[in-house]
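> Dumping the structure here so I can ask a few things about it.
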Amino acid sequence: MKTNLDALVTALYVHLDDHVLPTRRCGRGRPSVLTDAELVCVAVAQVLLGCDAERHWLRLAPARIGHLFPRLPCQAQYNRHLRDLGPVWVAVACWLARATPTWHERLRLMDGTPVRCGASRVTVNRSSLGEIAGYGHDTSHHAFSWGAKLMLVTTADGAVTAFSLAHPKELDERKQALHLLQVRPPAEGPCPIVCDKGFAGAGIQAAAARLGYRLIRPRRHDEPHPSPGHAFPAWLRQRIEAVIWTLKNQLGLERHHARTTEGLWARISQPIVALNAAIWHNWLTDQPVKRSLTAYDH
C-alpha cells in the first residue's frame, strides 16, 4: 500500500516540477517551506490517505511521507499556501486529464452537484462564503441546502477535464454549464456531452451547439419516444454519478469544513486533483482502468 502511494507521489512531483509548476523565485519575506509542486503532492497524499482534518494530517504526515518530504509546514502555513494556489489547481487537474489516453476520445460526461457549506443559521452567519454560497434545492435528495453548486465535465473513465463553482441563485445549472464550456473547453474539439434532464431546452442545446458540443440527455415525460437505435446511454450517466460519489464520500469533498471562498475552492480542488492523479497513475503503470482508489488508503 505504502509503495503504491510513494510511486504515485514521486511520479506526480517529477512531472509537475518539470512540465507544469516550475519552481518560482521567492520575493520578499520568508520563503515557503514547500514549492507549489511539493505542496500539491502533499495535498494529494492527504486526500488519498483519508485525512480530512489538516491538524490530524500534519501529525500523521511525517510518518507516512516524511521520507519523501522531510520539511513540512505548520498548519497555518499549510492552510495559507493551499489557499494561495488558486488557479494552480485547475492547471494541475487539466494537465493530468490531458495526460490520460481518454482525453483524446470524443465523448464527455457533465453533471452538477450541490456542495453543502453549512447546516445551521449560526454557521451561515459566521462563515465568509456569502459571495459563493446560497440557499438552493438539491433535486437528487429533495431538500434545500446552503452551499455552492459544483459543475463537472469528465472523460468516460472519470478524469475531470473542467470544473467550476457558482452561487446556486445567481447562476442556474444551465447558465453555469454554458459558462464553463465557454471559458474552459473540456475537449480538444467538438464532441457530444452526456448529461441529465436538467439540461433540457432548445436554448441551451443551441448555445452548446454553437460552441461545438452536442448535448445528449434522457427523454422527458412530455417528449416523444426516441426512434429505435437512439436510446439514451443510461450506463454512461452512472459513471459520472459514481465520480461524484467518489469525490464526495471516498475523497472527502462532502467533509470540506471550509469557511472562506478561497478555502472552499482549495478543498474542492484537492479531491479533484487527487482523483485525476490516481487515474493518470493507473494509466501510467498499466493498471486496470477502473481500479479502486483504496489501493492508496491506509
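Residue numbering restarts at 1 for every chain of the C-alpha cells, chains are lettered A, B, ... in their displayed order, and ligands are numbered from 1 as they appear.
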Neighbouring residues of Leu85 of chain A were defined as those with any atom within 10 Å, considering only C-alpha atoms; residues of the same chain fewer than 6 positions away were excluded. Please report them as an mmCIF file with all heavy atoms, in the first residue's frame.


```
data_model
loop_
_atom_site.group_PDB
_atom_site.id
_atom_site.type_symbol
_atom_site.label_atom_id
_atom_site.label_comp_id
_atom_site.auth_asym_id
_atom_site.auth_seq_id
_atom_site.Cartn_x
_atom_site.Cartn_y
_atom_site.Cartn_z
ATOM 1 N N ASP A 36 5.366 24.844 -4.936
ATOM 2 C CA ASP A 36 3.986 24.557 -5.352
ATOM 3 C C ASP A 36 3.818 23.096 -5.739
ATOM 4 O O ASP A 36 2.809 22.467 -5.407
ATOM 5 C CB ASP A 36 3.605 25.451 -6.529
ATOM 6 C CG ASP A 36 3.438 26.908 -6.119
ATOM 7 O OD1 ASP A 36 3.429 27.183 -4.904
ATOM 8 O OD2 ASP A 36 3.322 27.766 -7.020
ATOM 9 N N LEU A 39 3.766 21.024 -2.599
ATOM 10 C CA LEU A 39 2.528 21.213 -1.853
ATOM 11 C C LEU A 39 1.380 20.433 -2.485
ATOM 12 O O LEU A 39 0.581 19.810 -1.779
ATOM 13 C CB LEU A 39 2.171 22.692 -1.793
ATOM 14 C CG LEU A 39 0.908 23.018 -0.989
ATOM 15 C CD1 LEU A 39 1.178 22.850 0.498
ATOM 16 C CD2 LEU A 39 0.408 24.414 -1.280
ATOM 17 N N VAL A 40 1.282 20.449 -3.806
ATOM 18 C CA VAL A 40 0.227 19.689 -4.484
ATOM 19 C C VAL A 40 0.363 18.202 -4.182
ATOM 20 O O VAL A 40 -0.623 17.512 -3.917
ATOM 21 C CB VAL A 40 0.267 19.959 -5.998
ATOM 22 C CG1 VAL A 40 -0.650 18.984 -6.739
ATOM 23 C CG2 VAL A 40 -0.137 21.386 -6.304
ATOM 24 N N GLU A 262 -11.785 31.197 -0.727
ATOM 25 C CA GLU A 262 -10.506 30.611 -1.152
ATOM 26 C C GLU A 262 -10.325 29.222 -0.564
ATOM 27 O O GLU A 262 -9.823 28.309 -1.230
ATOM 28 C CB GLU A 262 -9.343 31.514 -0.749
ATOM 29 C CG GLU A 262 -9.316 32.877 -1.431
ATOM 30 C CD GLU A 262 -10.276 33.864 -0.776
ATOM 31 O OE1 GLU A 262 -10.873 33.518 0.272
ATOM 32 O OE2 GLU A 262 -10.430 34.966 -1.318
ATOM 33 N N TRP A 265 -12.578 26.702 -2.477
ATOM 34 C CA TRP A 265 -12.014 26.351 -3.783
ATOM 35 C C TRP A 265 -10.854 25.376 -3.620
ATOM 36 O O TRP A 265 -10.739 24.393 -4.373
ATOM 37 C CB TRP A 265 -11.566 27.609 -4.499
ATOM 38 C CG TRP A 265 -10.942 27.349 -5.832
ATOM 39 C CD1 TRP A 265 -9.613 27.418 -6.148
ATOM 40 C CD2 TRP A 265 -11.608 26.946 -7.030
ATOM 41 N NE1 TRP A 265 -9.403 27.091 -7.462
ATOM 42 C CE2 TRP A 265 -10.616 26.805 -8.032
ATOM 43 C CE3 TRP A 265 -12.934 26.704 -7.357
ATOM 44 C CZ2 TRP A 265 -10.925 26.418 -9.332
ATOM 45 C CZ3 TRP A 265 -13.241 26.319 -8.651
ATOM 46 C CH2 TRP A 265 -12.244 26.187 -9.624
ATOM 47 N N ALA A 266 -9.978 25.615 -2.630
ATOM 48 C CA ALA A 266 -8.838 24.728 -2.422
ATOM 49 C C ALA A 266 -9.283 23.338 -1.988
ATOM 50 O O ALA A 266 -8.774 22.332 -2.482
ATOM 51 C CB ALA A 266 -7.893 25.330 -1.385
#
```

> Could you pull the residues within 12 Å of segment 178-187 of chain A, counting only C-alpha atoms, minus those fewer than 3 positions along the same chain, as a PyMOL selection string?

chain A and resi 90-91+93-95+97-98+102-112+150-155+159-166+171-175+190-193+199+203-215

> Just asking: which residues within segment 76-158 of chain A are helix (DSSP H, G or I) according to DSSP, as a PyMOL selection string?

chain A and resi 76-85+88-98+101-104+121-126

> Could you give me the residues within segment 129-238 of chain A that DSSP places in strand (DSSP E), as a count of residues only?

32

> Tell me, as a ChimeraX atom specification, which residues lie within 8 Å of segment 122-135 of chain A, counting only C-alpha atoms; anything in the same chain fewer than 2 positions away does not count.

/A:117-120,137,144-148,165-169,259-261

> Would you mind telling me which residue in A:Leu82, A:Arg116, A:Gly158, A:Asp18 lies nearest to Pro101 of chain A when using only C-alpha atoms?

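Checking each of A:Leu82, A:Arg116, A:Gly158, A:Asp18 against Pro101 of chain A, counting only C-alpha atoms, the winner is A:Gly158.
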
> Name all residues at most 8 Å from Asp196 of chain A (count only C-alpha atoms; drop same-chain ones fewer than 6 positions away) and give them as a list in words.

Asp111, Ile216, Arg217, Pro218 and Arg237 of chain A

> Could you write out that same residue set with all heavy atoms as a short mmCIF file (atom, residue, chain, number, x, y, z; two decimals), in the first residue's frame?


```cif
data_model
loop_
_atom_site.label_atom_id
_atom_site.label_comp_id
_atom_site.auth_asym_id
_atom_site.auth_seq_id
_atom_site.Cartn_x
_atom_site.Cartn_y
_atom_site.Cartn_z
N ASP A 111 -22.29 16.94 -15.27
CA ASP A 111 -23.34 16.96 -14.26
C ASP A 111 -22.96 17.99 -13.20
O ASP A 111 -21.79 18.34 -13.03
CB ASP A 111 -23.51 15.58 -13.61
CG ASP A 111 -24.84 15.44 -12.90
OD1 ASP A 111 -25.68 16.37 -13.01
OD2 ASP A 111 -25.07 14.42 -12.23
N ILE A 216 -26.47 15.27 -25.06
CA ILE A 216 -27.25 14.02 -25.12
C ILE A 216 -27.83 13.78 -23.73
O ILE A 216 -27.10 13.66 -22.76
CB ILE A 216 -26.37 12.83 -25.54
CG1 ILE A 216 -25.72 13.10 -26.90
CG2 ILE A 216 -27.18 11.55 -25.58
CD1 ILE A 216 -24.74 12.03 -27.32
N ARG A 217 -29.14 13.73 -23.63
CA ARG A 217 -29.82 13.62 -22.34
C ARG A 217 -30.99 12.65 -22.45
O ARG A 217 -31.45 12.33 -23.55
CB ARG A 217 -30.33 14.99 -21.91
CG ARG A 217 -31.27 15.62 -22.93
CD ARG A 217 -31.91 16.89 -22.43
NE ARG A 217 -32.79 17.46 -23.45
CZ ARG A 217 -34.02 17.06 -23.68
NH1 ARG A 217 -34.54 16.05 -22.98
NH2 ARG A 217 -34.77 17.64 -24.62
N PRO A 218 -31.50 12.18 -21.31
CA PRO A 218 -32.66 11.29 -21.36
C PRO A 218 -33.93 12.04 -21.76
O PRO A 218 -34.02 13.27 -21.64
CB PRO A 218 -32.76 10.76 -19.92
CG PRO A 218 -32.04 11.75 -19.09
CD PRO A 218 -30.97 12.32 -19.95
N ARG A 237 -24.44 7.69 -17.73
CA ARG A 237 -24.85 8.55 -16.63
C ARG A 237 -24.42 7.96 -15.29
O ARG A 237 -24.08 8.69 -14.36
CB ARG A 237 -26.37 8.73 -16.64
CG ARG A 237 -26.87 9.67 -17.68
CD ARG A 237 -26.62 11.12 -17.31
NE ARG A 237 -27.13 11.43 -15.99
CZ ARG A 237 -26.55 12.26 -15.14
NH1 ARG A 237 -25.43 12.85 -15.46
NH2 ARG A 237 -27.08 12.49 -13.96
#
```

> Excluding segment 247-255 of chain A and residues on its chain fewer than 2 positions from it, collect all residues at most 9 Å away from it, counting only C-alpha atoms, and give them as a PyMOL selection string.

chain A and resi 47-52+115-117+242-245+257-258+267-272+274-275+293-294
